[in-house]
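Listing of start-v8.cif; format and content: mmCIF, C-alpha atoms.
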```cif
data_run
loop_
_atom_site.label_atom_id
_atom_site.label_comp_id
_atom_site.auth_asym_id
_atom_site.auth_seq_id
_atom_site.Cartn_x
_atom_site.Cartn_y
_atom_site.Cartn_z
CA ARG A 149 -27.77 95.13 112.86
CA ARG A 150 -26.11 97.36 110.28
CA ILE A 151 -23.40 94.72 109.73
CA TYR A 152 -26.01 92.43 108.16
CA MET A 153 -26.86 95.05 105.53
CA LEU A 154 -23.21 95.76 104.74
CA ALA A 155 -22.31 92.10 104.38
CA ALA A 156 -25.41 91.24 102.36
CA THR A 157 -24.90 94.18 100.00
CA ILE A 158 -21.24 93.32 99.37
CA LEU A 159 -22.27 89.80 98.37
CA PHE A 160 -25.18 91.16 96.33
CA TYR A 161 -22.88 93.55 94.46
CA ASP A 162 -20.44 90.73 93.73
CA GLN A 163 -23.25 88.74 92.11
CA THR A 164 -24.67 91.82 90.36
CA GLN A 165 -21.29 92.48 88.75
CA LYS A 166 -21.34 88.99 87.26
CA VAL A 167 -24.82 89.44 85.79
CA VAL A 168 -23.88 92.82 84.29
CA ASP A 169 -20.75 91.27 82.79
CA LEU A 170 -22.91 88.63 81.10
CA HIS A 171 -25.73 90.85 79.80
CA GLY A 172 -24.83 94.55 80.04
CA ASP A 173 -27.85 96.72 80.98
CA ILE A 174 -30.19 94.89 83.37
CA PRO A 175 -33.29 95.62 85.48
CA TRP A 176 -31.76 96.55 88.83
CA SER A 177 -32.68 99.69 90.75
CA GLU A 178 -36.41 99.03 90.31
CA ALA A 179 -36.25 95.21 90.39
CA GLY A 180 -37.84 93.11 93.14
CA MET A 181 -40.30 95.78 94.21
CA ILE A 182 -43.58 93.84 94.06
CA GLY A 183 -43.67 93.52 97.86
CA ALA A 184 -43.10 97.24 98.32
CA ASN A 185 -45.81 97.93 95.75
CA GLY A 186 -48.45 95.94 97.59
CA GLY A 187 -48.42 93.06 95.11
CA ASP A 188 -49.20 95.31 92.13
CA TYR A 189 -47.52 93.40 89.33
CA THR A 190 -47.79 96.00 86.58
CA ALA A 191 -46.47 98.78 88.83
CA SER A 192 -43.44 96.63 89.62
CA LEU A 193 -42.14 96.01 86.09
CA PRO A 194 -38.57 97.35 86.30
CA LYS A 195 -36.70 99.60 83.90
CA TYR A 196 -33.28 98.60 82.60
CA ASP A 197 -30.38 100.43 84.24
CA LYS A 198 -27.29 101.21 82.18
CA ALA A 199 -24.43 98.85 82.94
CA ILE A 200 -21.99 101.72 83.53
CA ASP A 201 -24.44 103.36 85.94
CA ILE A 202 -24.78 100.13 87.92
CA TYR A 203 -20.99 99.78 88.15
CA THR A 204 -20.69 103.43 89.25
CA LYS A 205 -23.34 103.03 91.95
CA MET A 206 -21.74 99.85 93.27
CA LEU A 207 -18.27 101.40 93.31
CA ASP A 208 -19.60 104.45 95.16
CA ASP A 209 -21.28 102.29 97.78
CA LEU A 210 -18.38 99.87 98.20
CA LYS A 211 -16.00 102.76 98.81
CA ALA A 212 -18.34 104.07 101.53
CA PHE A 213 -18.71 100.56 102.98
CA ALA A 214 -14.92 100.18 103.13
CA ASP A 215 -14.70 103.28 105.32
CA GLU A 216 -17.70 102.31 107.43
CA LEU A 217 -16.31 98.85 108.16
CA ASN A 218 -13.27 100.52 109.74
CA THR A 219 -15.39 102.23 112.36
CA ILE A 220 -18.43 99.99 112.79
CA VAL A 221 -19.18 98.75 116.29
CA VAL A 222 -21.24 95.56 116.28
CA PRO A 223 -23.34 95.34 119.47
CA SER A 224 -22.67 92.31 121.62
CA PHE A 225 -26.21 90.99 121.17
CA VAL A 226 -25.59 90.93 117.37
CA VAL A 227 -22.12 89.37 117.39
CA THR A 228 -23.10 85.79 118.20
CA PRO A 229 -26.05 85.44 115.78
CA PHE A 230 -24.06 87.17 113.03
CA LYS A 231 -21.22 84.67 113.43
CA THR A 232 -23.74 81.83 113.16
CA GLN A 233 -25.69 83.24 110.22
CA ASP A 234 -22.73 84.56 108.22
CA LEU A 235 -22.08 81.53 106.00
CA ILE A 236 -19.19 83.18 104.16
CA ASN A 237 -16.86 84.85 106.66
CA HIS A 238 -18.39 83.53 109.91
CA GLY A 239 -18.60 86.92 111.55
CA ASN A 240 -15.00 87.93 110.76
CA ILE A 241 -15.16 91.68 110.11
CA ASP A 242 -11.58 91.76 108.83
CA LEU A 243 -12.53 89.29 106.08
CA TRP A 244 -15.54 91.42 105.14
CA LYS A 245 -13.20 94.39 104.79
CA ARG A 246 -10.93 92.30 102.56
CA TYR A 247 -13.90 91.07 100.52
CA CYS A 248 -15.17 94.62 100.05
CA ASN A 249 -11.82 96.08 98.97
CA SER A 250 -10.88 93.10 96.81
CA LEU A 251 -14.21 93.40 95.03
CA ARG A 252 -13.44 97.08 94.49
CA VAL A 253 -10.09 96.15 92.94
CA ARG A 254 -11.78 93.61 90.66
CA MET A 255 -14.46 96.05 89.49
CA LEU A 256 -12.04 98.95 89.09
CA THR A 257 -9.72 96.74 87.05
CA ARG A 258 -12.64 95.62 84.90
CA VAL A 259 -13.48 99.21 83.94
CA SER A 260 -9.88 100.44 83.74
CA GLY A 261 -10.07 100.89 79.97
CA VAL A 262 -13.14 103.13 80.10
CA ALA A 263 -11.94 106.69 79.52
CA SER A 264 -14.49 108.34 81.82
CA LEU A 265 -13.49 106.09 84.73
CA GLN A 266 -9.71 105.92 84.36
CA GLY A 267 -9.03 108.75 86.81
CA ARG A 268 -11.17 107.08 89.42
CA VAL A 269 -9.52 103.72 88.82
CA ASN A 270 -6.01 105.04 89.41
CA THR A 271 -7.02 107.11 92.43
CA GLU A 272 -8.99 104.39 94.22
CA ILE A 273 -6.64 101.48 93.57
CA GLY A 274 -3.81 103.80 94.60
CA GLU A 275 -5.61 104.48 97.89
CA ILE A 276 -6.16 100.78 98.46
CA VAL A 277 -2.55 99.72 97.87
CA GLY A 278 -1.25 102.81 99.66
CA SER A 279 -3.21 102.22 102.85
CA PRO A 280 -3.45 98.49 103.56
CA ALA A 281 -4.42 99.15 107.18
CA ASN A 282 -7.53 101.06 106.11
CA TYR A 283 -8.25 99.14 102.91
CA PRO A 284 -7.00 95.57 103.33
CA VAL A 285 -7.46 93.10 100.47
CA VAL A 286 -7.22 89.32 100.22
CA THR A 287 -3.46 88.68 100.25
CA THR A 288 -3.15 85.01 101.26
CA ASN A 289 -5.05 81.83 100.50
CA ALA A 290 -6.05 81.68 104.17
CA GLN A 291 -8.06 84.85 103.53
CA ASN A 292 -9.82 83.61 100.38
CA ILE A 293 -13.51 84.52 100.34
CA LYS A 294 -15.56 81.37 99.93
CA LEU A 295 -18.58 79.35 100.96
CA SER A 296 -17.21 76.25 102.67
CA VAL A 297 -18.79 72.80 102.60
CA PHE A 298 -18.71 71.19 106.02
CA SER A 299 -20.76 68.11 105.17
CA PRO A 300 -21.85 66.82 101.76
CA THR A 301 -25.17 65.78 103.33
CA THR A 302 -26.31 69.37 103.95
CA ASP A 303 -27.91 71.76 101.47
CA ILE A 304 -24.60 73.61 101.13
CA THR A 305 -22.78 71.11 98.98
CA ALA A 306 -20.75 70.59 95.81
CA ARG A 307 -22.65 67.47 94.73
CA GLY A 308 -23.77 69.01 91.44
CA PHE A 309 -20.21 69.74 90.30
CA GLN A 310 -19.67 66.21 88.99
CA SER A 311 -22.63 66.23 86.64
CA GLY A 312 -22.07 69.86 85.68
CA LEU A 313 -18.52 69.26 84.53
CA GLU A 314 -18.41 65.62 83.45
CA ASP A 315 -21.67 65.19 81.54
CA TRP A 316 -21.47 65.31 77.73
CA ASN A 317 -17.65 65.13 77.93
CA GLY A 318 -17.55 68.61 79.42
CA ASN A 319 -14.37 67.81 81.31
CA ILE A 320 -12.11 67.23 78.28
CA ALA A 321 -8.96 69.35 78.58
CA GLY A 322 -8.17 71.90 75.90
CA LYS A 323 -4.96 71.70 73.90
CA LYS A 324 -3.86 75.29 74.52
CA MET A 325 -3.81 75.02 78.30
CA ILE A 326 -2.35 71.51 78.38
CA ASP A 327 0.43 72.42 75.94
CA HIS A 328 1.33 75.54 77.93
CA MET A 329 1.44 73.60 81.20
CA LYS A 330 3.44 70.68 79.75
CA THR A 331 5.96 72.85 77.91
CA ASN A 332 6.67 74.92 81.01
CA ALA A 333 6.46 72.17 83.64
CA ASP A 334 3.55 73.83 85.45
CA PRO A 335 3.23 72.24 88.93
CA ARG A 336 -0.55 72.68 88.68
CA LEU A 337 -0.83 70.23 85.79
CA ARG A 338 -1.16 67.09 87.90
CA ALA A 339 -3.45 68.78 90.42
CA MET A 340 -5.79 70.24 87.79
CA PHE A 341 -5.82 67.46 85.19
CA GLU A 342 -5.62 63.70 84.73
CA PRO A 343 -4.03 62.01 81.68
CA GLY A 344 -6.45 60.03 79.52
CA GLY A 345 -6.93 56.43 80.60
CA ASN A 346 -5.41 55.16 77.34
CA SER A 347 -2.69 57.79 76.95
CA GLY A 348 0.09 55.96 78.78
CA GLY A 349 0.28 58.73 81.38
CA VAL A 350 0.75 61.47 78.77
CA TYR A 351 -1.36 64.63 79.02
CA ASN A 352 -2.99 65.43 75.67
CA GLY A 353 -5.37 68.32 75.10
CA LEU A 354 -8.15 68.37 72.52
CA ASP A 355 -7.60 70.70 69.56
CA PRO A 356 -10.80 72.71 68.93
CA MET A 357 -9.68 73.28 65.33
CA ALA A 358 -9.74 69.56 64.54
CA ASN A 359 -12.77 68.43 62.58
CA ARG A 360 -15.76 66.97 64.36
CA THR A 361 -15.07 63.38 63.36
CA ASP A 362 -11.49 63.49 64.62
CA GLN A 363 -12.48 65.14 67.90
CA THR A 364 -15.16 62.52 68.51
CA ALA A 365 -12.71 59.70 67.81
CA LEU A 366 -10.05 61.17 70.09
CA ILE A 367 -12.50 61.54 72.97
CA ALA A 368 -13.84 58.03 72.47
CA GLY A 369 -10.29 56.66 72.35
CA GLY A 370 -9.57 57.76 75.91
CA THR A 371 -6.31 59.53 75.10
CA MET A 372 -7.49 63.03 75.98
CA ALA A 373 -6.66 64.54 79.37
CA ILE A 374 -9.58 65.48 81.62
CA TYR A 375 -10.03 67.88 84.51
CA ASN A 376 -8.88 66.18 87.69
CA ARG A 377 -11.95 64.54 89.17
CA SER A 378 -10.58 64.18 92.69
CA THR A 379 -9.51 67.83 92.88
CA LEU A 380 -12.53 69.26 91.14
CA SER A 381 -15.71 67.55 90.00
CA ARG A 382 -15.86 64.71 92.54
CA ASN A 383 -14.55 66.76 95.43
CA GLN A 384 -17.74 66.99 97.49
CA TYR A 385 -16.08 69.51 99.80
CA PHE A 386 -15.25 71.88 96.96
CA PRO A 387 -15.97 75.40 98.26
CA GLY A 388 -17.91 78.11 96.50
CA ILE A 389 -15.10 80.45 95.46
CA LEU A 390 -15.85 84.18 95.52
CA ILE A 391 -12.42 85.87 95.59
CA THR A 392 -8.91 84.43 95.84
CA ALA A 393 -5.55 85.93 96.69
CA SER A 394 -4.17 85.00 93.27
CA GLU A 395 -6.71 86.95 91.26
CA VAL A 396 -6.19 90.01 93.47
CA LYS A 397 -2.43 89.76 92.96
CA PHE A 398 -2.82 89.51 89.18
CA MET A 399 -5.06 92.59 89.15
CA LEU A 400 -2.58 94.53 91.25
CA ALA A 401 0.23 93.39 88.95
CA GLU A 402 -1.71 94.96 86.07
CA TYR A 403 -2.21 98.18 88.04
CA TYR A 404 1.46 98.45 88.96
CA GLN A 405 2.57 97.67 85.42
CA LYS A 406 0.33 100.34 83.93
CA ASN A 407 1.74 102.80 86.47
CA ALA A 408 5.38 101.99 85.61
CA ASN A 409 6.17 100.24 88.90
CA ASN A 410 7.87 97.22 87.41
CA ALA A 411 9.29 95.87 90.67
CA ALA A 412 5.91 95.85 92.43
CA ALA A 413 4.25 94.39 89.35
CA LYS A 414 6.76 91.54 89.19
CA THR A 415 6.32 90.74 92.87
CA ALA A 416 2.52 90.73 92.58
CA TYR A 417 2.66 88.56 89.45
CA GLN A 418 4.99 85.99 90.98
CA ASP A 419 3.00 85.93 94.22
CA GLY A 420 -0.15 85.33 92.17
CA VAL A 421 1.37 82.34 90.38
CA THR A 422 2.78 80.88 93.60
CA GLN A 423 -0.52 81.27 95.44
CA SER A 424 -2.43 79.74 92.52
CA ILE A 425 -0.27 76.62 92.73
CA GLU A 426 -0.80 76.48 96.47
CA PHE A 427 -4.56 76.96 95.97
CA TYR A 428 -5.05 73.97 93.68
CA TYR A 429 -3.07 71.64 95.91
CA TRP A 430 -5.08 72.90 98.88
CA LEU A 431 -8.32 72.09 97.05
CA ARG A 432 -7.16 68.51 96.72
CA THR A 433 -6.60 68.24 100.49
CA LEU A 434 -10.33 68.89 100.98
CA SER A 435 -11.36 65.94 98.83
CA ALA A 436 -12.40 62.54 100.12
CA ASP A 437 -12.31 61.17 96.55
CA ASN A 438 -9.32 59.28 95.14
CA THR A 439 -10.53 58.51 91.62
CA ALA A 440 -7.51 60.27 90.17
CA GLY A 441 -5.05 58.44 92.41
CA PRO A 442 -2.51 60.00 94.79
CA LEU A 443 -1.26 63.50 94.11
CA THR A 444 2.49 64.10 94.39
CA PRO A 445 3.11 67.32 96.37
CA TYR A 446 4.78 70.18 94.53
CA THR A 447 8.15 71.58 95.58
CA GLY A 448 9.54 75.08 95.86
CA GLY A 449 12.03 74.15 93.16
CA GLU A 450 9.20 73.40 90.75
CA VAL A 451 7.72 76.83 91.35
CA THR A 452 11.08 78.56 90.84
CA THR A 453 11.70 76.65 87.62
CA TYR A 454 8.23 77.43 86.31
CA LEU A 455 8.60 81.16 86.92
CA ALA A 456 12.00 81.13 85.19
CA THR A 457 10.80 79.55 81.94
CA ALA A 458 10.76 81.78 78.88
CA ALA A 459 6.95 81.76 78.66
CA ASN A 460 6.44 82.81 82.30
CA ASN A 461 9.51 84.91 83.07
CA TRP A 462 8.47 88.44 83.98
CA ASP A 463 11.80 89.99 83.04
CA LEU A 464 11.81 88.41 79.58
CA ALA A 465 8.20 89.15 78.66
CA ALA A 466 7.68 91.65 75.86
CA ASP A 467 3.94 91.86 76.63
CA LYS A 468 3.54 91.72 80.38
CA LEU A 469 -0.23 92.21 80.29
CA ALA A 470 -0.51 89.11 78.11
CA LEU A 471 1.63 87.28 80.66
CA ILE A 472 -0.76 88.27 83.44
CA ALA A 473 -3.79 87.39 81.31
CA THR A 474 -2.48 83.89 80.67
CA GLN A 475 -1.99 83.24 84.36
CA LYS A 476 -5.47 84.58 85.15
CA TRP A 477 -6.90 82.17 82.57
CA ILE A 478 -5.07 79.20 84.07
CA HIS A 479 -6.01 80.17 87.62
CA TYR A 480 -9.70 80.83 86.93
CA SER A 481 -10.03 77.60 84.92
CA VAL A 482 -13.44 75.98 85.47
CA VAL A 483 -13.59 77.31 89.03
CA GLN A 484 -14.49 80.92 88.15
CA PRO A 485 -15.62 80.76 84.51
CA ILE A 486 -17.60 84.02 84.48
CA GLU A 487 -14.58 85.98 85.70
CA SER A 488 -12.37 84.18 83.20
CA TRP A 489 -14.63 85.00 80.26
CA ALA A 490 -14.87 88.64 81.34
CA GLU A 491 -11.09 89.06 81.56
CA ILE A 492 -10.48 87.31 78.23
CA ARG A 493 -12.95 89.68 76.55
CA ARG A 494 -11.51 92.74 78.28
CA LEU A 495 -7.86 92.01 77.53
CA ASN A 496 -8.26 90.01 74.31
CA ALA A 497 -5.76 87.63 75.82
CA PRO A 498 -5.07 84.80 75.68
CA THR A 499 -6.25 84.42 72.09
CA PHE A 500 -8.13 81.38 70.83
CA ASN A 501 -9.24 79.85 67.56
CA PHE A 502 -12.56 78.08 67.07
CA GLN A 503 -14.19 76.15 64.27
CA PRO A 504 -16.88 78.39 62.73
CA ASP A 505 -20.41 77.21 63.45
CA ASN A 506 -21.87 77.76 60.00
CA ALA A 507 -25.21 76.30 61.07
CA ASN A 508 -25.86 79.43 63.14
CA ALA A 509 -25.83 83.15 62.43
CA GLN A 510 -23.35 83.51 65.30
CA THR A 511 -20.45 81.53 63.87
CA GLN A 512 -17.94 82.36 66.62
CA PRO A 513 -18.25 82.64 70.43
CA PRO A 514 -20.38 85.60 71.56
CA VAL A 515 -19.26 88.62 73.59
CA ARG A 516 -22.42 88.70 75.74
CA TRP A 517 -25.45 86.58 76.61
CA PHE A 518 -28.99 87.14 75.39
CA TYR A 519 -31.55 88.33 77.94
CA ALA A 520 -33.87 85.65 79.30
CA THR A 521 -36.82 84.99 77.01
CA SER A 522 -39.13 85.94 79.88
CA GLU A 523 -38.05 89.59 79.56
CA PRO A 524 -39.68 90.44 76.21
CA THR A 525 -42.67 88.35 77.29
CA TYR A 526 -43.35 89.77 80.76
CA ASN A 527 -41.43 93.06 80.82
CA ALA A 528 -42.15 94.03 77.23
CA GLU A 529 -42.34 97.84 77.50
CA ASN A 530 -39.04 98.14 79.33
CA TYR A 531 -37.40 95.50 77.15
CA LYS A 532 -38.13 97.62 74.08
CA GLU A 533 -35.55 100.12 75.32
CA VAL A 534 -32.76 97.52 75.11
CA ALA A 535 -34.05 95.23 72.36
CA ALA A 536 -31.79 96.74 69.69
CA ASP A 537 -28.71 95.77 71.73
CA ASP A 538 -29.92 92.29 72.67
CA LYS A 539 -27.41 90.65 70.35
CA LEU A 540 -24.55 88.24 70.93
CA THR A 541 -22.22 90.76 69.25
CA THR A 542 -23.00 93.73 71.53
CA LYS A 543 -19.99 94.42 73.72
CA ILE A 544 -20.28 95.20 77.43
CA PHE A 545 -19.28 98.80 78.10
CA TRP A 546 -15.86 97.88 79.54
CA ASP A 547 -14.98 95.68 76.53
CA ILE A 548 -13.21 98.31 74.45
CA ASN A 549 -10.70 96.07 72.61
#
```

Would you mind giving the structure from this file in structure tokens?
Amino acid sequence: RRIYMLAATILFYDQTQKVVDLHGDIPWSEAGMIGANGGDYTASLPKYDKAIDIYTKMLDDLKAFADELNTIVVPSFVVTPFKTQDLINHGNIDLWKRYCNSLRVRMLTRVSGVASLQGRVNTEIGEIVGSPANYPVVTTNAQNIKLSVFSPTTDITARGFQSGLEDWNGNIAGKKMIDHMKTNADPRLRAMFEPGGNSGGVYNGLDPMANRTDQTALIAGGTMAIYNRSTLSRNQYFPGILITASEVKFMLAEYYQKNANNAAAKTAYQDGVTQSIEFYYWLRTLSADNTAGPLTPYTGGEVTTYLATAANNWDLAADKLALIATQKWIHYSVVQPIESWAEIRRLNAPTFNFQPDNANAQTQPPVRWFYATSEPTYNAENYKEVAADDKLTTKIFWDIN
């Protein structure tokens, strides 16, 4: 049953990475031990592990898992129950290999600016791209790692997406993304957004630098674009996205660019954009909702035109990392917000302006989250070790910009 442990740990490390990227140091290696400690609560209070140490441990293990998955033999009596109980890849070992190696690429890219890890980053990503047979990654949308919804009546559902995005006008489109998509005729625009009901079919994004009164009036007037309800928030078959081909391609484009392989970087970048367009139109095919009305399919010509525009053209870009960062931001959107926020902090791109919140000490968006208030209450002694860094301005170790 070793395959169960490998699969579960890969998923666990994916989720651990997200928590580290939000908070930094976290209780980890000693967490969850109350059962092993015979119910002794005080003996089970966990120390905080350093964020860089957690990343290092996970990268070490994932590299070993990648090799082990190439040789593992799953006994016949395990194959059938594993296929049934594996809610992510349904017993497909090849997809678990791709998940493992794609997660490695994501984590290695995230720490690529850390001086002590740069040698490892170049070596391991080089091994992955140099040996696709041994270290396959997610390369097509058919290989995307996700938790599928087969029936909206089961416990595995996307029912909460509507309230999560639409309540309190949370689905109002931002001006920066809408303007970029409109100016460059992005084929994703109509799949990702709807024009405001009173906008005459024109997509308008809300300017965060407008004053509060004007923003409120614009939202109430119904002229602001919103995230496409049929594709996203009211799509009850919306899958839980873990890793997509597009994000892997954008990370590899960054790796190739930093290693002076312009041709490979361009190919990876353009593949990432193309697959992102395909991804959003595929999401719409899952939906049984038609609130947004029919969606006109995109054409190959639209994709070619989009990639040729001045703002998206690889050959014309003076700052190719900023080009990649912009496409990551569009692709992640509201589907993978934690990954989006991490990459924006790491690359400082795209750049944004916000109204200062002078009613709070933190007047601009933070670079990390506070720890849960239960930590200083129930894990007080260990929390003392990290209390000085429990600030919204404390950068995560990989955020060196």

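Those residues returned by the PyMOL selection byres ((chain A and resi 152) around 10) for this file are A:Arg149, A:Arg150, A:Ile151, A:Met153, A:Leu154, A:Ala155, A:Ala156, A:Thr157, A:Val222, A:Val226, A:Phe230, A:Gln233, A:Asp234, A:Gly239.
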
Hey, can you spit out that residue selection with C-alpha atoms as a PDB file, keeping the file's coordinate frame?
```pdb
ATOM      1  CA  ARG A 149     -27.770  95.130 112.860  1.00  0.00           C
ATOM      2  CA  ARG A 150     -26.110  97.360 110.280  1.00  0.00           C
ATOM      3  CA  ILE A 151     -23.400  94.720 109.730  1.00  0.00           C
ATOM      4  CA  MET A 153     -26.860  95.050 105.530  1.00  0.00           C
ATOM      5  CA  LEU A 154     -23.210  95.760 104.740  1.00  0.00           C
ATOM      6  CA  ALA A 155     -22.310  92.100 104.380  1.00  0.00           C
ATOM      7  CA  ALA A 156     -25.410  91.240 102.360  1.00  0.00           C
ATOM      8  CA  THR A 157     -24.900  94.180 100.000  1.00  0.00           C
ATOM      9  CA  VAL A 222     -21.240  95.560 116.280  1.00  0.00           C
ATOM     10  CA  VAL A 226     -25.590  90.930 117.370  1.00  0.00           C
ATOM     11  CA  PHE A 230     -24.060  87.170 113.030  1.00  0.00           C
ATOM     12  CA  GLN A 233     -25.690  83.240 110.220  1.00  0.00           C
ATOM     13  CA  ASP A 234     -22.730  84.560 108.220  1.00  0.00           C
ATOM     14  CA  GLY A 239     -18.600  86.920 111.550  1.00  0.00           C
TER      15      GLY A 239
END
```

Would you translate the PyMOL selection byres ((chain A and resi 220) around 12) into the concrete set of residues it matches in this file, as a ChimeraX atom specification?
/A:149-152,154,212-219,221-223,241-242,244-245

So that I have them on file, write out the residues from the current selection with C-alpha atoms, as an mmCIF file, in the frame of the given file.
```
data_model
loop_
_atom_site.group_PDB
_atom_site.id
_atom_site.type_symbol
_atom_site.label_atom_id
_atom_site.label_comp_id
_atom_site.auth_asym_id
_atom_site.auth_seq_id
_atom_site.Cartn_x
_atom_site.Cartn_y
_atom_site.Cartn_z
ATOM 1 C CA ARG A 149 -27.770 95.130 112.860
ATOM 2 C CA ARG A 150 -26.110 97.360 110.280
ATOM 3 C CA ILE A 151 -23.400 94.720 109.730
ATOM 4 C CA TYR A 152 -26.010 92.430 108.160
ATOM 5 C CA LEU A 154 -23.210 95.760 104.740
ATOM 6 C CA ALA A 212 -18.340 104.070 101.530
ATOM 7 C CA PHE A 213 -18.710 100.560 102.980
ATOM 8 C CA ALA A 214 -14.920 100.180 103.130
ATOM 9 C CA ASP A 215 -14.700 103.280 105.320
ATOM 10 C CA GLU A 216 -17.700 102.310 107.430
ATOM 11 C CA LEU A 217 -16.310 98.850 108.160
ATOM 12 C CA ASN A 218 -13.270 100.520 109.740
ATOM 13 C CA THR A 219 -15.390 102.230 112.360
ATOM 14 C CA VAL A 221 -19.180 98.750 116.290
ATOM 15 C CA VAL A 222 -21.240 95.560 116.280
ATOM 16 C CA PRO A 223 -23.340 95.340 119.470
ATOM 17 C CA ILE A 241 -15.160 91.680 110.110
ATOM 18 C CA ASP A 242 -11.580 91.760 108.830
ATOM 19 C CA TRP A 244 -15.540 91.420 105.140
ATOM 20 C CA LYS A 245 -13.200 94.390 104.790
#
```

Target residues per the PyMOL selection byres ((chain A and resi 326-328) around 9), formatted as a list in words:
Ala321, Gly322, Lys323, Lys324, Met325, Met329, Lys330, Thr331, Asn332, Ala333, Asp334, Leu337, Phe341, Tyr351, Asn352, Gly353, Leu354, Ala373 and Ala459 of chain A

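Take CA of Thr525 (chain A) and CA of Lys198 (chain A): the distance between them is 20.6 Å.
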
Neighbours of region 494-510 of chain A within 6 Å (all atoms listed in the file; same-chain residues fewer than 5 positions away dropped), as a PyMOL selection string?
chain A and resi 356-357+470+473-474+547

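Compared by their closest atoms to Gln384 (chain A), and using only C-alpha atoms, the residues A:Asn346, A:Thr364, A:Ser435, A:Asn359 rank with A:Ser435 nearest.
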
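Distances to Tyr247 (chain A) were evaluated for A:Lys294, A:His479, A:Arg516, A:Arg338 using only C-alpha atoms, and the minimum falls at A:Lys294.
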
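One distance worth recording is that between CA of Val421 (chain A) and CA of Leu243 (chain A), which is 22.1 Å.
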
Write out as a PyMOL selection string the residues lying within 10 Å of Ala436 (chain A), counting all atoms listed in the file and excluding same-chain residues fewer than 3 positions away.
chain A and resi 378-379+382-385+432-433+439

Complete region 470-481 of chain A at the level of N, CA, C and O atoms, written as a compact mmCIF listing (two decimals), in the frame of the given file.
```
# COMPACT_ATOMS: atom_id res chain seq x y z
N ALA A 470 -0.16 90.43 78.64
CA ALA A 470 -0.51 89.11 78.11
C ALA A 470 -0.03 88.01 79.05
O ALA A 470 -0.69 86.97 79.21
N LEU A 471 1.10 88.24 79.68
CA LEU A 471 1.63 87.28 80.66
C LEU A 471 0.66 87.14 81.83
O LEU A 471 0.34 86.03 82.26
N ILE A 472 0.20 88.28 82.34
CA ILE A 472 -0.76 88.27 83.44
C ILE A 472 -2.06 87.61 83.01
O ILE A 472 -2.64 86.80 83.74
N ALA A 473 -2.52 87.94 81.80
CA ALA A 473 -3.79 87.39 81.31
C ALA A 473 -3.73 85.88 81.21
O ALA A 473 -4.71 85.19 81.54
N THR A 474 -2.61 85.35 80.78
CA THR A 474 -2.48 83.89 80.67
C THR A 474 -2.58 83.23 82.03
O THR A 474 -3.24 82.20 82.20
N GLN A 475 -1.95 83.83 83.02
CA GLN A 475 -1.99 83.24 84.36
C GLN A 475 -3.38 83.37 84.99
O GLN A 475 -3.82 82.48 85.73
N LYS A 476 -4.09 84.46 84.69
CA LYS A 476 -5.47 84.58 85.15
C LYS A 476 -6.31 83.45 84.56
O LYS A 476 -7.11 82.82 85.26
N TRP A 477 -6.14 83.21 83.27
CA TRP A 477 -6.90 82.17 82.57
C TRP A 477 -6.65 80.79 83.17
O TRP A 477 -7.58 80.03 83.41
N ILE A 478 -5.38 80.49 83.46
CA ILE A 478 -5.07 79.20 84.07
C ILE A 478 -5.68 79.11 85.47
O ILE A 478 -6.27 78.10 85.85
N HIS A 479 -5.53 80.19 86.24
CA HIS A 479 -6.01 80.17 87.62
C HIS A 479 -7.54 80.07 87.68
O HIS A 479 -8.09 79.28 88.46
N TYR A 480 -8.24 80.86 86.89
CA TYR A 480 -9.70 80.83 86.93
C TYR A 480 -10.24 79.48 86.49
O TYR A 480 -11.17 78.95 87.09
N SER A 481 -9.68 78.94 85.41
CA SER A 481 -10.03 77.60 84.92
C SER A 481 -11.55 77.40 84.91
O SER A 481 -12.30 78.29 84.48
```
